Amino acid sequence: MDVGAFILAAQFPGQGQEEALHRAVRSAEVSEEAGLDAVWVAEHHFVPYGVCPSAATLAALLLGRTRRIGVGTAVSVLPTAHPVALGEQAALLHLLSGGRFTLGVGRGGPWVDLEVFGSGLRAYERGFPESLDLLLRWLREPRVGADGERFAFREVAVVPRSDDALAGQAVDAPPVVVACTSPASVRLAAERGLPMLLGMHCGDEEKAEVVGLWRKSALAAGRSPEDVEAVAARHVSAGVVQIADDRPAAAEILTKAMPGWLRQGLEAHVTVDGRERRMRDPVAYAELLCELHPVGSPRLCADRLAATAERTGISRFALLVEGSGDLVATEENVRRLGGEVLPLLR
């Protein structure tokens, strides 16, 4: 079982952005102290849902503040980034951290971000496979050129090489995971032999079905059963965790704090083309998250994680720890996760 903290740098009502970022950094530092395996950091633009605009930049800071724990992006949004620039950042972090960095990438949404960064709606609707393939080539090959619909350039040297020697030993490129929210993205990840990051809005049954589709698609793409099993062991399940002495107390913490954050955060999203979108009811969504994920006593949380692993086959978790919106409460939540839940799983 690999248990990590999922950090959004969420700005709750009445909080400043610096407060949200400080809580994000402290959550990562305490995660290492508490014995967690990883921290996963998100990125968002122009919304208080999360005030970190660059997951790779925050990951760099956290890698410098820690010594043992793995740090991953969940996720870096490819349609608003150049794959080569992101690949260079990933290689740099991978090499300088001694291999502790994981690059999570995703398609994002049809948000105004596409307009601001000049990539356009096509990059979201059609360009993700091209961007992903260029990124993977950059991480795996010594020289790369491109002649695609969105990216075209002469062959250049890859510097630094992410598979260069670490401490005198040959290493692989940094691990890459793909956020999957549709059958198309599941098949894309499977065909390229990449593990998935599955969202916290999904329950065990849905995640099990997605894993089944991924496995079927990977085998259909010609990947060996051995390779499929090895990659499948690296899938990541996102969720929420809140630990208290009993489930009602833990659920009360989240259902009091999260709806206000969800309401102001989700309402702030603006689509690039004016398309209508449905926003989840914040109260109902907070209650759903409490039902789906480890929210309750340490024993209940451990049992819930074990059950999810058994039902889905996923044994790596990225758990949102800052659902209370409070720094002290978040630090206590992380410490109880490491000190009281993990021993029950190991």
# chains A, B, ... in the order shown; residues from 1 in each chain; ligands from 1
>>> residues_around(residues="segment 155-164 of chain A", least_positions_apart="5", cutoff="9 Å", atoms="only C-alpha atoms", output="PyMOL selection string")
chain A and resi 87-88+90-95+138-146+169-174
>>> residues_around(residues="Thr73 of chain A", least_positions_apart="6", cutoff="10 Å", atoms="only C-alpha atoms", output="number ranges by chain")
A: 6-7, 39-43, 54-59, 90, 101-106, 176-177
>>> atom_distance(atom1="atom CA of His293 of chain A", atom2="atom CA of Cys202 of chain A")
9.7 Å
>>> residues_around(residues="Arg223 of chain A", least_positions_apart="4", cutoff="9 Å", atoms="only C-alpha atoms", output="PyMOL selection string")
chain A and resi 190-191+193+218-219+227-228
>>> write_last_selection(atoms="N, CA, C and O atoms", output="CSV table (one decimal), in the first residue's frame")
chain,number,residue,atom,x,y,z
A,190,ALA,N,-3.6,3.3,-21.8
A,190,ALA,CA,-3.3,1.9,-21.9
A,190,ALA,C,-2.5,1.6,-23.1
A,190,ALA,O,-1.5,0.8,-23.0
A,191,GLU,N,-2.8,2.2,-24.3
A,191,GLU,CA,-2.0,2.0,-25.5
A,191,GLU,C,-0.5,2.4,-25.3
A,191,GLU,O,0.3,1.8,-26.0
A,193,GLY,N,1.1,2.3,-22.5
A,193,GLY,CA,1.6,1.6,-21.3
A,193,GLY,C,1.8,2.5,-20.1
A,193,GLY,O,2.8,2.3,-19.4
A,218,ALA,N,-5.0,-2.3,-23.1
A,218,ALA,CA,-3.6,-2.5,-23.1
A,218,ALA,C,-3.2,-3.8,-23.8
A,218,ALA,O,-2.3,-3.9,-24.6
A,219,LEU,N,-4.0,-4.9,-23.5
A,219,LEU,CA,-3.7,-6.2,-24.1
A,219,LEU,C,-4.1,-6.1,-25.6
A,219,LEU,O,-3.3,-6.7,-26.4
A,227,ASP,N,3.8,-7.0,-18.8
A,227,ASP,CA,3.9,-5.6,-18.8
A,227,ASP,C,2.7,-4.9,-18.3
A,227,ASP,O,2.7,-3.9,-17.5
A,228,VAL,N,1.5,-5.5,-18.6
A,228,VAL,CA,0.2,-4.9,-18.2
A,228,VAL,C,0.1,-5.0,-16.7
A,228,VAL,O,-0.3,-4.0,-16.0
>>> select_by_dssp(residues="segment 85-268 of chain A", states="helix (DSSP H, G or I)", output="PyMOL selection string")
chain A and resi 85-96+113-116+120-125+128-140+183-191+204-220+225-232+247-267
>>> closest_residue(among="A:Ala230, A:Glu19, A:Met1, A:Ser76", to="Ala307 of chain A", atoms="only C-alpha atoms")
A:Met1
>>> closest_residue(among="A:Val3, A:Ala152, A:Ala284, A:Leu188", to="Asp37 of chain A", atoms="only C-alpha atoms")
A:Val3
>>> closest_residue(among="A:Pro259, A:Gly222, A:Gly212, A:Gly274", to="Glu115 of chain A", atoms="only C-alpha atoms")
A:Gly274
>>> residues_around(residues="His22 of chain A", least_positions_apart="4", cutoff="9 Å", atoms="only C-alpha atoms", output="tab-separated table (two decimals) with N, CA and C atoms, in the first residue's frame")
chain	number	residue	atom	x	y	z
A	9	ALA	N	-3.89	23.22	-2.53
A	9	ALA	CA	-3.73	24.63	-2.16
A	9	ALA	C	-5.07	25.34	-2.28
A	17	GLN	N	-4.71	34.01	-0.40
A	17	GLN	CA	-4.01	33.03	-1.23
A	17	GLN	C	-2.71	32.56	-0.59
A	18	GLU	N	-2.01	33.46	0.10
A	18	GLU	CA	-0.77	33.08	0.77
A	18	GLU	C	-1.06	32.04	1.84
A	26	ARG	N	3.16	23.25	4.16
A	26	ARG	CA	3.23	22.57	5.46
A	26	ARG	C	2.64	21.16	5.39
A	27	SER	N	1.60	20.98	4.59
A	27	SER	CA	1.01	19.65	4.45
A	27	SER	C	2.03	18.67	3.90
A	327	LEU	N	-5.20	25.10	8.94
A	327	LEU	CA	-3.82	24.62	8.96
A	327	LEU	C	-3.58	23.63	10.09
>>> closest_residue(among="A:Gly120, A:Gly127, A:Pro48, A:Pro110", to="Leu78 of chain A", atoms="only C-alpha atoms")
A:Gly127
>>> closest_residue(among="A:Ser324, A:Ser119, A:Ser31, A:Gln89", to="Trp261 of chain A", atoms="only C-alpha atoms")
A:Ser324
